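Inspection log for the structure reproduced underneath, given as structure tokens.
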Amino acid sequence: MFHVKHLWDFKQTLWRSFLLGFGITAEIFFLCNIGMQYLNIGSITGALIAILLIGIAARPDWFRSTAGKVLTGLLAVLTVPAVLTTGFMVFGIPKTIPANDSTVVILGSGVNEDGTPTLISRLRADAALPYILEHPDADIITSGGTAAPDRMSEAESMKQYLIEQGVREDRIHTETQSSDTEENLRFTADLIRNNHLRSNIVLVTSDFHSYRSARYAKQNQLLVSSISAPTPWWVLPTCWIREMYAILDAWTVHQA
């Protein structure tokens, strides 16, 4: 019995040490994201979860109280939508091969102070370039407004970047009014119809963002194939958590 108790205590100590180390590492990670101006619901949620893990490791007795049981029960319930939305992010990307006569739609994700695309926006534009260069007659739409009146729109910033990569300016249309993904696709669909462009599109955005973007495109009667851009590992958890909330919003508030 003595040895069994000591073995149990050792396992508990080992588990708490792991949880504490993981929680501290995660907290530093999300605080660094916030410090790099990725302050959003994803980084805030991640930081709060990390604090909770640290608390469980440091004060396991509190989490055996009624309040602690309610909190851990709530987290367990929230695991279901988290797993469900993750499944759609991974497996819900359109698998259709892009057609030769598609309109290329590139979604923006921020602009630097100097007017250049942020890393995520640039990665999206880079992901679109092979198709753009292989199909010189394809029209292109860059989509995204501005978060500040004194800053260039995401659409204009990506347009300038594409021109620097050798893309003809007359191929590129800009949608500069949108402030979120739902508006990106709604306003882009209007632009396509008003300019008599092809309604079958190659939708180019980040991997975690592809499912929801395609959903909004289909709601606006666009035929969608997808090219997914990679996301830097150091910002992926923040973007992933934020996208979980956004997918739930798409299923409820912004459903067709």
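Chain labels A, B, ... are given in the sequence in which chains occur in the structure tokens; within each chain residues are numbered consecutively from 1, and ligands are likewise numbered from 1 in the order shown.
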Pull the closest atom pair for each residue of stretch 105-222 of chain A that gets at most 12 Å from stretch 24-37 of chain A, along with the distance in Å to one decimal, counting only C-alpha atoms, ordering rows by chain and then ascending residue number, as a tab-separated table.
residue	atom	partner	partner_atom	distance
A:Gly110	CA	A:Gln37	CA	10.9
A:Val111	CA	A:Gln37	CA	12.0
A:Asn112	CA	A:Gln37	CA	11.0
A:Thr118	CA	A:Gln37	CA	11.4
When you look at stretch 75-84 of chain A with a cut-off of 10 Å (counting only C-alpha atoms), what residues show up, excluding the ones that are within fewer than 3 positions of it in the same chain? I need them as a VMD selection string.
chain A and resid 49 69 to 72 87 to 89 240 to 241 243 to 245 247 to 248
Kindly assemble as CSV a list of the stretch 107-220 of chain A residues that lie within 8 Å of stretch 92-97 of chain A, each paired with its nearest atom pair and their distance in Å to one decimal, using only C-alpha atoms, sorted first by chain and then by ascending residue number.
residue,atom,partner,partner_atom,distance
A:Ser210,CA,A:Ile93,CA,5.7
A:Tyr211,CA,A:Ile93,CA,4.8
A:Ala214,CA,A:Pro94,CA,7.2
Using only N, CA and C atoms, please write the residues we just selected to a file, as a JSON list (two decimals), in the first residue's frame.
[["chain", "number", "residue", "atom", "x", "y", "z"],
["A", 210, "SER", "N", -10.06, 28.65, -45.21],
["A", 210, "SER", "CA", -10.61, 28.24, -46.51],
["A", 210, "SER", "C", -12.06, 27.75, -46.42],
["A", 211, "TYR", "N", -12.37, 26.96, -45.39],
["A", 211, "TYR", "CA", -13.72, 26.41, -45.28],
["A", 211, "TYR", "C", -14.77, 27.51, -45.16],
["A", 214, "ALA", "N", -15.15, 29.72, -48.33],
["A", 214, "ALA", "CA", -15.88, 29.02, -49.39],
["A", 214, "ALA", "C", -17.37, 28.95, -49.08]]
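If only C-alpha atoms are the atoms counted, then among A:Pro130, A:Leu223, A:Ile56, A:Ala217 the closest residue to A:Leu20 is A:Ile56.
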Residue set, stretch 44-140 of chain A restricted to helix (DSSP H, G or I), as a VMD selection string
chain A and resid 44 to 58 62 to 64 66 to 91 119 to 134
Just want the 12 Å neighbourhood of A:Gly68, counted on only C-alpha atoms, with same-chain residues fewer than 5 positions away dropped. Output as a PyMOL selection string.
chain A and resi 52+55-56+59-63+73-75
Backbone-only DSSP, strand (DSSP E) members of stretch 6-234 of chain A, as JSON, numbers by chain:
{"A": [103, 104, 105, 106, 107, 140, 141, 142, 143, 172, 173, 174, 175, 200, 201, 202, 203, 204, 205, 206, 223, 224, 225, 226, 227, 228, 229]}
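Note that atom CA of A:Ile141 and atom CA of A:Phe187 are 10.8 Å apart.
Restricting the calculation to only C-alpha atoms, the smallest distance between A:Pro232 and any of A:Ala246, A:Leu123, A:Ala99, A:Val105 is found for A:Leu123.
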List as a count of residues only the protein and nucleic acid residues near A:Gln160, meaning an atom at most 10 Å away when only C-alpha atoms are counted, but skip any in the same chain fewer than 6 places from it.
6
Could you tell me how far atom CA of A:Gly21 lies from atom CA of A:Ala58, in Å and to one decimal?
10.9 Å
